[in-house]
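Chemist: Here it is, the structure in full.
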Amino acid sequence: MGILEKAAAVAKEAELYEEYREGIGVSFRGGELEKVKSEAVLGRALRVILDGKLGFASTAGEEEDSLVEAAVASARHGGPAPFSFPELKGEQRVEVLDPEVRKLSPEDLLEWGEEAVKAITGEFPGIIADVHLFRGESSVRLANTSGGAREERRSYFGMYVEAQHVKEGDIWLLWVGKTVRKREDLSPEELVSQVIRYLRWGERVVPPPTGKPPVLFTPRGAIVLYLPLLVGFSGLSVYMGTSPLKGKLGEEAFDRRLTIVDDGALPFGPRSGSFDDEGVLTGRLPLVEEGVVRHFYYDLRAAALAGAEPTGNGMKGAFFGGGFRTPPSPGPRNVLVSPGEGTLDELIAEMREGIIVEGVLGLGQGNIQSGAFSNNVSTGFVVRDGEVIGRLKNTMIAGNAYEVLKENLVAVGAEAEWCHGIYKSPPLLVEGVSVVSR
Amino acid sequence: MKAFLKGILERAPGEYAEVRWEEVSHSRVVFQRDQLMALEASREAGGMVRVLVEGAWGIAVFTDPEEIPKRLEEAASLARAASGHVRDRIRLAPVGPVEDKVALSVEEDFREVPLEEKRKLAQRYNELILGYSDEIVASGVRYADSVRRVIFANTEGTYIEQEIPDVTLHLSATARRNGDIQQAFESLGAAAGYEFVRDREEKALAAAKRAVELLSAKPVKGGRYTVVLDQDLAGVFIHEAFGHICEADFLLRNEPMRRVMELGKRFGTEALNVVEDGYIPGRRGNTPYDDEGVRRRKIYLIKEGVLTGLMHSRATAAATGMEPTGNARAVSWEHEPIVRMRNTYIEPGEATFEELLKGIDYGIYAKGSFGGQTEFEQFTFSAAYAYEIVGGEIGEMLRDVVLTGNVFETLRNIELLGEDFELRGSAGGCGKGGQSPLPVTFGAPHVRIRDVIVGGK
């Protein structure tokens with residue numbers, strides 16, 4: 001008898017999630033190879049509904065019976081399950097497996113790592129380069145007692161580069177990287193050239209304009225503005241009343257040039273899958289259309305509580321992973337911000353005088369829900385007469401993401417990039433952000 | 001397990017090999033507003049092998065213990081592939097073989113407490129928060145406990161079994177008035193039993209009360225101030241801003257930073273002492289043996305204002321000619337040991353709280369932490385809440401207080417250390433190299449620092 005059958009013999013409803021992850025990774029630290037690592041991890045999670053109450057347990061490397069016992073014990077004292085496990089019917093095949101990724105050998109990753117180090121330290125001998133490369137596949141299988149099962153293999157391939165400029169009194173840490181599903185969506189050479197571009201921009205430290213100058217958020221830097229939204233569009237935050245977007249469906253809460261779609265079915269999107277971690281088929285969900293709030297995203301529970309439809313956003317480890325151990329909760333899939341006009345260089349020329357924000361410290365600290373941010377800029381540049389003239393230091397930015405994206409958006413750039421493995425955005429030029437420096 | 005592992009390791013490839021197998025039992029209760037979001041008692045197990053071949057590490061992670069011999073071979077072959085790319089071979093500082101067993105020692109073993117009782121406890125705290133005021137719109141209660149049973153064996157004859165307890169409670173409240181939303185929390189953690197989380201009603205109420213108070217607090221005006229940090233925030237500062245740069249793995253391949261962090265260099269006044277300790281009864285950072293089988297040591301990072309020690313793994317110790325300190329820790333079986341902190345604190349001074357405030361015309365008393373982040377010398381911390389200091393007295397409540405600065409300047413700018421030392425574990429943990437949350441504690445007395453930059457509108 002399988003785990004699901006054993007669970008079903010005790011509880012009326014059950015759902016088994018299984019994930020097998022197999023991959024390799026290499027790490028360089030300070031330009032030197034630090035480690036080569038492989039992993040082969042099987043994790044399971046079992047949810048049961050017993051007398052209308054929800055139970056959850058997870059395991060790795062343990063016998064199957066204890067998982068069933070643990071889930072049932074949890075259900076005996078659990079909270080009411082406002083939902084049933086959905087019948088796993090219907091089919092959709094989203095492309096998430098690239099067989100080319102599997103072919104990447106430890107030797108390939110080692111060579112890219114070495115080349116990255118060489119390219120960076122070749123031009124900037126004083127820079128300390130850390131490089132991480134990894135690739136693998138995860139197989140996810142989901143089955144429940146309402147009938148049916150879903151199964152999928154997904155590939156992943158990632159590269160992260162940290163370049164450290166270290167001098168007493170002037171330390172600067174720059175990191176650039178991404179995770180993709182498709183081999184050709186990540187070019188180690190391009191990534192390295194981006195690092196080098198920023199290093200060139202940053203050779204000289206110059207004082208930034210202060211007060212409320214124009215601020216250009218690069219795609220990666222725009223996380224400062226998006227993080228509150230990623231939380232705020234969660235159907236659970238809305239239901240719980242912690243989201244400022246509560247009651248704003250259909251309202252123009254953002255600048256008209258802003259269109260944001262959450263697409264879980266995007267071919268080879270870093271967070272794409274044919275189905276979410278509860279078996280609900282993924283799809284394209286407009287969050288903001290020309291400034292108007294259109295949808296929130298839901299897992300089974302939040303949908304049932306709010307009287308909405310699940311949207312295929314039941315994610316184990318909503319934002320940054322967590323895998324089999326975490327029960328599903330509403331999380332964004334691939335957040336796509338529609339591009340506008342103007343290359344990065346054109347936006348820089350347009351702003352004339354201001355700052356560029358590429359990375360900040362203290363992300364997610366403070367009162368995220370309200371949209372407030374207050375961050376030390378870790379990687380930022382100063383623009384004067386429409387040109388980048390150097391890097392800024394000891395500078396804080398503060399504002400409110402909701403206000404900025406409604407009242408103070410100056411321009412949405414044309415060139416969108418994948419960032420933080422979660423969203424694809426163009427650069428955003430804004431005003432109304434306070435800049436304090438010493 | 002002992003005979004099994006010893007047998008396998010006798011035939012292990014490479015110049016050094018180790019096996020770590022962990023069995024973890026953990027439970028969680030999570031309430032969010034009126035919803036029981038998680039109620040769970042689970043067990044899991046998994047392991048890691050590391051093999052050193054010609055000065056390069058090969059590592060393999062697995063969940064099936066029968067695969068250990070196969071994974072050792074795999075790790076060895078990865079290490080061989082790596083060794084061709086290694087210029088600077090990894091060596092391990094010698095430590096004698098150890099056979100030991102560290103058994104669980106807590107007052108009230110939470111594995112024996114029924115899940116239902118844990119749920120009821122969390123529910124009571126949750127109801128206290130929600131019922132505190134009409135302006136409280138959301139609450140969060142997170143209870144978690146775990147016992148990590150770690151078996152470590154290596155080819156040098158070391159075999160250690162340890163049981164490490166951890167229990168945490170996070171209580172948070174969200175208050176709303178018109179469009180304004182404010183959050184407050186209380187966060188507790190210890191290497192203790194269930195007794196640690198009982199009778200915490202006053203903490204739940206404190207979180208709720210503060211969330212409501214913050215609705216009326218003034219946003220801070222950005223600028224440069226003399227700041228008094230409470231024990232929590234000063235502890236976060238010493239851990240985040242200073243502790244991390246005392247981790248020798250960070251310095252190993254970082255020549256310029258190594259020059260900055262030379263032993264014997266002065267970093268603060270003679271009153272400043274900073275300690276890193278592997279064992280203080282009941283503390284979350286306790287690491288009797290680290291995940292390389294090295295016995296704990298207490299070290300002074302700063303003694304009388306001078307840098308006197310760094311934290312080491314066996315590899316960083318060998319590379320710098322130092323002794324391993326027992327700081328090589330892994331957050332779980334999925335991760336390799338790296339240099340981490342344990343219990344880190346600033347030793348107390350002699351000033352009373354009144355003396356700390358005295359002479360400050362206008363300053364800020366910053367309390368608690370929403371978190372902190374550093375990049376080398378540069379740090380940013382959000383205070384959970386704060387007060388004005390006006391004419392040497394505590395004034396009105398402030399919010400949105402974010403402190404930022406350069407750690408070396410800030411250490412030099414410490415003017416006074418309080419007598420009121422506290423070492424506290426929170427429910428969070430430390431993150432580094434993708435390994436989070438690692439249980440640690442940090443502490444300090446009240447600390448007065450001049451010229452701190454505070455961000456704000």
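Labels used: A, B, ... for chains in the order of the structure tokens, numbers from 1 for residues in each chain, and numbers from 1 for ligands as shown.
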What's around range 3-11 of chain A at 9 Å? Count only C-alpha atoms, leave out sequence neighbours fewer than 3 positions away in its own chain, and write the answer as a list in words.
Modeler: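 Close residues of range 3-11 of chain A: Ala14, Glu15, Leu16, Leu46, Arg47, Val48, Ile49, Leu50, Asp51, Glu64, Asp65, Leu67, Val68, Glu69, Ala71, Val72, Ala75, Ala143, Asn144 and Thr145 of chain A.
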Chemist: Name all residues at most 10 Å from Ala38 in chain B (count only C-alpha atoms; drop same-chain ones fewer than 5 positions away) and give them as a PDB file with N, CA and C atoms, in the first residue's frame.
Modeler:
```pdb
ATOM      1  N   LEU A  54      -7.608  20.144   8.907  1.00  0.00           N
ATOM      2  CA  LEU A  54      -6.445  19.989   8.032  1.00  0.00           C
ATOM      3  C   LEU A  54      -5.196  19.590   8.821  1.00  0.00           C
ATOM      4  N   GLY A  55      -4.493  18.602   8.281  1.00  0.00           N
ATOM      5  CA  GLY A  55      -3.226  18.198   8.898  1.00  0.00           C
ATOM      6  C   GLY A  55      -2.106  18.210   7.874  1.00  0.00           C
ATOM      7  N   PHE A  56      -0.885  18.440   8.353  1.00  0.00           N
ATOM      8  CA  PHE A  56       0.267  18.514   7.453  1.00  0.00           C
ATOM      9  C   PHE A  56       1.487  17.884   8.122  1.00  0.00           C
ATOM     10  N   ALA A  57       2.263  17.182   7.338  1.00  0.00           N
ATOM     11  CA  ALA A  57       3.568  16.702   7.824  1.00  0.00           C
ATOM     12  C   ALA A  57       4.499  16.567   6.632  1.00  0.00           C
ATOM     13  N   SER A  74      -1.479  15.685  13.267  1.00  0.00           N
ATOM     14  CA  SER A  74      -1.635  17.114  13.051  1.00  0.00           C
ATOM     15  C   SER A  74      -3.094  17.457  12.762  1.00  0.00           C
ATOM     16  N   GLY A  78      -5.945  20.006  14.199  1.00  0.00           N
ATOM     17  CA  GLY A  78      -5.776  21.056  13.204  1.00  0.00           C
ATOM     18  C   GLY A  78      -6.947  22.013  13.142  1.00  0.00           C
ATOM     19  N   GLY A  79      -6.769  23.043  12.337  1.00  0.00           N
ATOM     20  CA  GLY A  79      -7.832  24.004  12.110  1.00  0.00           C
ATOM     21  C   GLY A  79      -8.746  23.486  11.019  1.00  0.00           C
ATOM     22  N   THR A 326       7.606  23.008   3.516  1.00  0.00           N
ATOM     23  CA  THR A 326       6.707  24.124   3.779  1.00  0.00           C
ATOM     24  C   THR A 326       5.316  23.827   3.233  1.00  0.00           C
ATOM     25  N   PRO A 327       4.255  24.079   3.994  1.00  0.00           N
ATOM     26  CA  PRO A 327       2.924  23.931   3.415  1.00  0.00           C
ATOM     27  C   PRO A 327       2.689  25.022   2.368  1.00  0.00           C
TER      28      PRO A 327
ATOM     29  N   SER B  27       8.531  20.498  15.492  1.00  0.00           N
ATOM     30  CA  SER B  27       7.106  20.804  15.406  1.00  0.00           C
ATOM     31  C   SER B  27       6.911  22.302  15.303  1.00  0.00           C
ATOM     32  N   ARG B  28       5.761  22.668  14.760  1.00  0.00           N
ATOM     33  CA  ARG B  28       5.462  24.072  14.487  1.00  0.00           C
ATOM     34  C   ARG B  28       3.996  24.333  14.694  1.00  0.00           C
ATOM     35  N   VAL B  29       3.678  25.486  15.204  1.00  0.00           N
ATOM     36  CA  VAL B  29       2.296  25.953  15.218  1.00  0.00           C
ATOM     37  C   VAL B  29       2.328  27.392  14.718  1.00  0.00           C
ATOM     38  N   VAL B  30       1.525  27.701  13.728  1.00  0.00           N
ATOM     39  CA  VAL B  30       1.501  29.061  13.195  1.00  0.00           C
ATOM     40  C   VAL B  30       0.065  29.573  13.117  1.00  0.00           C
ATOM     41  N   PHE B  31      -0.180  30.663  13.789  1.00  0.00           N
ATOM     42  CA  PHE B  31      -1.465  31.356  13.658  1.00  0.00           C
ATOM     43  C   PHE B  31      -1.239  32.660  12.920  1.00  0.00           C
ATOM     44  N   GLN B  32      -2.137  32.964  12.005  1.00  0.00           N
ATOM     45  CA  GLN B  32      -2.121  34.259  11.353  1.00  0.00           C
ATOM     46  C   GLN B  32      -3.537  34.788  11.457  1.00  0.00           C
ATOM     47  N   ARG B 119      -0.762  23.874  20.360  1.00  0.00           N
ATOM     48  CA  ARG B 119      -1.726  24.683  19.615  1.00  0.00           C
ATOM     49  C   ARG B 119      -2.491  25.594  20.560  1.00  0.00           C
ATOM     50  N   ARG B 142       4.071  32.338  15.988  1.00  0.00           N
ATOM     51  CA  ARG B 142       4.822  31.207  15.442  1.00  0.00           C
ATOM     52  C   ARG B 142       5.566  30.521  16.565  1.00  0.00           C
ATOM     53  N   TYR B 143       5.169  29.293  16.837  1.00  0.00           N
ATOM     54  CA  TYR B 143       5.897  28.478  17.797  1.00  0.00           C
ATOM     55  C   TYR B 143       6.665  27.431  17.012  1.00  0.00           C
TER      56      TYR B 143
END
```
Chemist: Among range 203-356 of chain B, which ones does DSSP assign to helix (DSSP H, G or I) (computed from the backbone)? Answer as a PyMOL selection string.
Modeler: chain B and resi 203-216+231-246+248-252+255-260+314-320+353-356
Chemist: What does the distance between CA of Asp232 in chain B and CA of Ala386 in chain B come to in Å, to one decimal place?
Modeler: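 Interatomic distance, CA of Asp232 in chain B to CA of Ala386 in chain B: 12.4 Å.
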Chemist: What does the structure give for the distance between CA of Thr343 in chain A and CA of Val412 in chain A, in Å to one decimal?
Modeler: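 Distance reported for this atom pair: 9.7 Å.
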Chemist: Write out as an MDAnalysis selection string which residues come within 6 Å of Arg29 in chain A when counting only C-alpha atoms, dropping same-chain ones fewer than 3 positions away.
Modeler: chainID A and resid 32 34 130
Chemist: Counting only C-alpha atoms, which of B:Thr344, B:Ser25, B:Asn273, B:Thr380 gets nearest to Gly305 in chain B?
Modeler: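 The closest residue to Gly305 in chain B is B:Asn273.
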Chemist: So that I can check the surroundings of Ile128 in chain A, please list as a ChimeraX atom specification every protein, DNA and RNA residue that reaches within 8 Å of it, counting only C-alpha atoms and ignoring chain neighbours fewer than 4 positions away.
Modeler: /A:30-31,121,163-166 /B:253-254
Chemist: Restricted to N, CA and C atoms, what would the selected residues look like written as a PDB file, in the first residue's frame?
Modeler:
```pdb
ATOM      1  N   GLY A  30      36.791  34.222  -3.656  1.00  0.00           N
ATOM      2  CA  GLY A  30      38.034  34.968  -3.823  1.00  0.00           C
ATOM      3  C   GLY A  30      38.816  34.465  -5.022  1.00  0.00           C
ATOM      4  N   GLY A  31      38.092  34.094  -6.064  1.00  0.00           N
ATOM      5  CA  GLY A  31      38.745  33.645  -7.283  1.00  0.00           C
ATOM      6  C   GLY A  31      39.234  32.201  -7.237  1.00  0.00           C
ATOM      7  N   THR A 121      38.934  39.757 -12.946  1.00  0.00           N
ATOM      8  CA  THR A 121      40.202  40.168 -12.330  1.00  0.00           C
ATOM      9  C   THR A 121      41.223  40.596 -13.387  1.00  0.00           C
ATOM     10  N   ALA A 163      31.190  40.570  -6.919  1.00  0.00           N
ATOM     11  CA  ALA A 163      32.478  41.243  -7.116  1.00  0.00           C
ATOM     12  C   ALA A 163      32.686  42.174  -5.936  1.00  0.00           C
ATOM     13  N   GLN A 164      33.799  42.003  -5.246  1.00  0.00           N
ATOM     14  CA  GLN A 164      34.039  42.789  -4.046  1.00  0.00           C
ATOM     15  C   GLN A 164      35.223  43.707  -4.255  1.00  0.00           C
ATOM     16  N   HIS A 165      34.931  44.991  -4.079  1.00  0.00           N
ATOM     17  CA  HIS A 165      35.977  46.000  -4.150  1.00  0.00           C
ATOM     18  C   HIS A 165      36.282  46.355  -2.699  1.00  0.00           C
ATOM     19  N   VAL A 166      37.479  46.034  -2.258  1.00  0.00           N
ATOM     20  CA  VAL A 166      37.779  46.223  -0.845  1.00  0.00           C
ATOM     21  C   VAL A 166      38.977  47.125  -0.638  1.00  0.00           C
TER      22      VAL A 166
ATOM     23  N   ARG B 253      40.407  34.742   1.524  1.00  0.00           N
ATOM     24  CA  ARG B 253      40.766  35.067   0.144  1.00  0.00           C
ATOM     25  C   ARG B 253      40.543  36.545  -0.132  1.00  0.00           C
ATOM     26  N   ASN B 254      40.682  37.316   0.895  1.00  0.00           N
ATOM     27  CA  ASN B 254      40.357  38.720   0.790  1.00  0.00           C
ATOM     28  C   ASN B 254      41.496  39.523   1.394  1.00  0.00           C
TER      29      ASN B 254
END
```
Chemist: To one decimal place, how far is CA of Pro106 in chain A from CA of His132 in chain A in Å?
Modeler: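 These two atoms are separated by 12.0 Å.
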